[in-house]
Amino acid sequence: MKQYVVDAFTDKPFHGNPAAVLVMDRWIPDETMQAIAAENNLAETAFVVKEGERYRIRWFTPSMEEELCGHATLAASFVLFTFYEPDADEIRYTSLSGDLSVKRRGDRFELDFPTYALTEIPVTDAMEAAFGARPEKAVLGLDLNCVFENEDVVRNLAPDYELLKQLPGRIWNATARGRDADCVSRSFTPETAVPEDPVCGSAHCQIADYWAKTLGKKIIRAYQASARGGELECEPLGNGRIALRGKAVLVSTGEWRIGETL
């Protein structure tokens, strides 16, 4: 099986968020996909099989299957557009999060993803202890999104991962208004084998939606302030959808040759 490793939400190798992509003729056992993802030890490995006019996509961290992953969908789309569907303008997917689509937009790709209802909840001492700084606001959707005083606070956070896991939410996002971007964020994922997601597309379905409403802007330029860094352009579309736009770069290709033991 051919595998591609792509850095997503960047145009520079070794930046953005790396994802492995396997485009397969047929599905292999779930336990084998999980074992491959664990072997890759990246934030996500995407498995893709064409079914009719669409592709079915599944995402695995080193420890579990995910319901939605933005950067690995961008990476998979980059691979499909480049090597499998060079004349296509749009790739359509079936996934655990419903139907998704990705379009070419010049040198970028545009993901059409769902948004989630956001509810402001009280800031607690537990949040302050877990993040290592007290948020100014907390908003709960699929993830817990904590808003901090400024960009420097977000960049300098040293969270307690065990305490984060005791807070509500799937991912624990820290965000603030940015100096050079509309917002700066970090996404912590201690329940996976990758404690901090370098650039999280699905988190920005909530982060960018929040900042678009807060700042009164149609388009949000977002920067993920992880060690690798990454850039996203986000545009809420209404009707519970958001466009996430970004670039991607291929960094390696290889082959899986799995023996009978799996």
# chains A, B, ... in the order shown; residues from 1 in each chain; ligands from 1
call {"tool": "closest_atom_pairs", "arguments": {"of": "region 50-131 of chain A", "to": "region 169-176 of chain A", "cutoff": "10 Å", "atoms": "only C-alpha atoms", "output": "tab-separated table"}}
result
residue	atom	partner	partner_atom	distance
A:Met127	CA	A:Trp172	CA	9.9
A:Ala130	CA	A:Trp172	CA	9.8
A:Phe131	CA	A:Ala174	CA	8.2
call {"tool": "select_by_dssp", "arguments": {"residues": "region 35-197 of chain A", "states": "alpha helix (DSSP H)", "output": "compact mmCIF listing (two decimals) with C-alpha atoms, in the first residue's frame"}}
result
# COMPACT_ATOMS: atom_id res chain seq x y z
CA ALA A 35 -1.66 -0.49 14.09
CA ILE A 36 -0.46 1.51 11.06
CA ALA A 37 -1.47 4.76 12.74
CA ALA A 38 0.37 3.74 15.90
CA GLU A 39 3.44 2.85 13.84
CA ASN A 40 3.33 6.23 12.08
CA GLY A 70 -9.30 18.83 9.28
CA HIS A 71 -5.57 18.64 8.60
CA ALA A 72 -5.64 14.98 7.52
CA THR A 73 -8.57 15.74 5.19
CA LEU A 74 -6.53 18.56 3.65
CA ALA A 75 -3.56 16.20 3.34
CA ALA A 76 -5.70 13.46 1.74
CA SER A 77 -7.18 15.97 -0.70
CA PHE A 78 -3.72 17.22 -1.66
CA VAL A 79 -2.73 13.63 -2.45
CA ASP A 125 -10.50 27.31 39.08
CA ALA A 126 -10.10 23.90 37.46
CA MET A 127 -9.60 25.56 34.08
CA GLU A 128 -6.97 27.88 35.52
CA ALA A 129 -5.13 24.97 37.14
CA ALA A 130 -5.24 22.87 33.97
CA PHE A 131 -4.11 25.56 31.53
CA GLU A 151 -1.40 36.17 22.43
CA ASP A 152 1.63 35.98 24.74
CA VAL A 153 -0.37 34.14 27.40
CA VAL A 154 -1.43 31.52 24.83
CA ARG A 155 2.09 31.07 23.47
CA TYR A 161 -2.37 17.41 30.69
CA GLU A 162 -3.86 15.22 33.39
CA LEU A 163 -5.93 18.13 34.67
CA LEU A 164 -7.01 19.06 31.15
call {"tool": "atom_distance", "arguments": {"atom1": "CA of Trp211 (chain A)", "atom2": "CA of Phe9 (chain A)"}}
result
19.0 Å
call {"tool": "select_by_dssp", "arguments": {"residues": "region 31-139 of chain A", "states": "strand (DSSP E or B)", "output": "JSON, numbers by chain"}}
result
{"A": [44, 45, 46, 47, 48, 49, 50, 51, 54, 55, 56, 57, 58, 59, 60, 65, 66, 90, 91, 92, 93, 94, 95, 98, 99, 100, 101, 102, 103, 104, 105, 108, 109, 110, 111, 112, 113, 114, 119, 120, 121, 137, 138, 139]}
call {"tool": "atom_distance", "arguments": {"atom1": "CA of Glu53 (chain A)", "atom2": "CA of Val199 (chain A)"}}
result
29.4 Å
call {"tool": "atom_distance", "arguments": {"atom1": "CA of Ser185 (chain A)", "atom2": "CA of Ile219 (chain A)"}}
result
16.2 Å
call {"tool": "residues_around", "arguments": {"residues": "Ala117 (chain A)", "least_positions_apart": "3", "cutoff": "9 Å", "atoms": "only C-alpha atoms", "output": "ChimeraX atom specification"}}
result
/A:140-142,206,240
call {"tool": "residues_around", "arguments": {"residues": "region 91-106 of chain A", "least_positions_apart": "5", "cutoff": "6 Å", "atoms": "only C-alpha atoms", "output": "mmCIF file with N, CA and C atoms, in the first residue's frame"}}
result
data_model
loop_
_atom_site.group_PDB
_atom_site.id
_atom_site.type_symbol
_atom_site.label_atom_id
_atom_site.label_comp_id
_atom_site.auth_asym_id
_atom_site.auth_seq_id
_atom_site.Cartn_x
_atom_site.Cartn_y
_atom_site.Cartn_z
ATOM 1 N N ARG A 54 -17.779 9.173 -4.661
ATOM 2 C CA ARG A 54 -17.185 9.777 -3.478
ATOM 3 C C ARG A 54 -16.040 8.914 -2.947
ATOM 4 N N TYR A 55 -15.285 9.504 -2.055
ATOM 5 C CA TYR A 55 -14.296 8.767 -1.286
ATOM 6 C C TYR A 55 -14.785 8.667 0.155
ATOM 7 N N ARG A 56 -14.634 7.507 0.749
ATOM 8 C CA ARG A 56 -14.862 7.386 2.185
ATOM 9 C C ARG A 56 -13.526 7.609 2.883
ATOM 10 N N ILE A 57 -13.537 8.452 3.904
ATOM 11 C CA ILE A 57 -12.308 8.784 4.625
ATOM 12 C C ILE A 57 -12.482 8.458 6.099
ATOM 13 N N GLU A 67 -13.671 11.135 14.832
ATOM 14 C CA GLU A 67 -14.868 11.401 14.044
ATOM 15 C C GLU A 67 -14.635 12.487 12.993
ATOM 16 N N LEU A 111 -11.793 23.467 2.590
ATOM 17 C CA LEU A 111 -12.569 22.402 3.218
ATOM 18 C C LEU A 111 -13.927 22.952 3.636
ATOM 19 N N ASP A 112 -14.974 22.240 3.302
ATOM 20 C CA ASP A 112 -16.338 22.577 3.741
ATOM 21 C C ASP A 112 -16.668 21.664 4.913
#
call {"tool": "residues_around", "arguments": {"residues": "Phe47 (chain A)", "least_positions_apart": "4", "cutoff": "9 Å", "atoms": "only C-alpha atoms", "output": "PDB file with N, CA and C atoms, in the first residue's frame"}}
result
ATOM      1  N   ALA A  20      -0.234  11.256   7.623  1.00  0.00           N
ATOM      2  CA  ALA A  20       0.000  10.176   6.664  1.00  0.00           C
ATOM      3  C   ALA A  20      -1.309   9.881   5.939  1.00  0.00           C
ATOM      4  N   VAL A  21      -1.214   9.567   4.650  1.00  0.00           N
ATOM      5  CA  VAL A  21      -2.395   9.306   3.824  1.00  0.00           C
ATOM      6  C   VAL A  21      -2.180   7.998   3.079  1.00  0.00           C
ATOM      7  N   LEU A  22      -3.127   7.067   3.226  1.00  0.00           N
ATOM      8  CA  LEU A  22      -3.125   5.834   2.460  1.00  0.00           C
ATOM      9  C   LEU A  22      -4.382   5.789   1.593  1.00  0.00           C
ATOM     10  N   VAL A  23      -4.199   5.778   0.274  1.00  0.00           N
ATOM     11  CA  VAL A  23      -5.311   5.645  -0.676  1.00  0.00           C
ATOM     12  C   VAL A  23      -5.346   4.183  -1.099  1.00  0.00           C
ATOM     13  N   MET A  24      -6.425   3.482  -0.719  1.00  0.00           N
ATOM     14  CA  MET A  24      -6.471   2.029  -0.864  1.00  0.00           C
ATOM     15  C   MET A  24      -7.556   1.611  -1.842  1.00  0.00           C
ATOM     16  N   TRP A  27     -11.014  -1.732   1.855  1.00  0.00           N
ATOM     17  CA  TRP A  27     -10.773  -1.552   3.280  1.00  0.00           C
ATOM     18  C   TRP A  27     -10.011  -2.740   3.864  1.00  0.00           C
ATOM     19  N   MET A  33      -5.509  -0.855  10.517  1.00  0.00           N
ATOM     20  CA  MET A  33      -5.415   0.601  10.357  1.00  0.00           C
ATOM     21  C   MET A  33      -4.940   1.255  11.640  1.00  0.00           C
ATOM     22  N   ARG A  56     -14.634   7.507   0.749  1.00  0.00           N
ATOM     23  CA  ARG A  56     -14.862   7.386   2.185  1.00  0.00           C
ATOM     24  C   ARG A  56     -13.526   7.609   2.883  1.00  0.00           C
ATOM     25  N   ILE A  57     -13.537   8.452   3.904  1.00  0.00           N
ATOM     26  CA  ILE A  57     -12.308   8.784   4.625  1.00  0.00           C
ATOM     27  C   ILE A  57     -12.482   8.458   6.099  1.00  0.00           C
ATOM     28  N   ARG A  58     -11.440   7.869   6.679  1.00  0.00           N
ATOM     29  CA  ARG A  58     -11.402   7.571   8.109  1.00  0.00           C
ATOM     30  C   ARG A  58     -10.072   8.069   8.658  1.00  0.00           C
ATOM     31  N   TRP A  59     -10.103   8.535   9.911  1.00  0.00           N
ATOM     32  CA  TRP A  59      -8.939   9.152  10.525  1.00  0.00           C
ATOM     33  C   TRP A  59      -8.589   8.421  11.810  1.00  0.00           C
ATOM     34  N   PHE A  60      -7.316   8.090  11.975  1.00  0.00           N
ATOM     35  CA  PHE A  60      -6.842   7.407  13.178  1.00  0.00           C
ATOM     36  C   PHE A  60      -5.668   8.167  13.778  1.00  0.00           C
ATOM     37  N   ALA A  76      -5.155  14.465   2.657  1.00  0.00           N
ATOM     38  CA  ALA A  76      -5.700  13.458   1.739  1.00  0.00           C
ATOM     39  C   ALA A  76      -6.129  14.098   0.422  1.00  0.00           C
TER      40      ALA A  76
END
call {"tool": "closest_residue", "arguments": {"among": "A:Leu167, A:Ala133, A:Val123, A:Leu118", "to": "Cys205 (chain A)", "atoms": "only C-alpha atoms"}}
result
A:Leu118
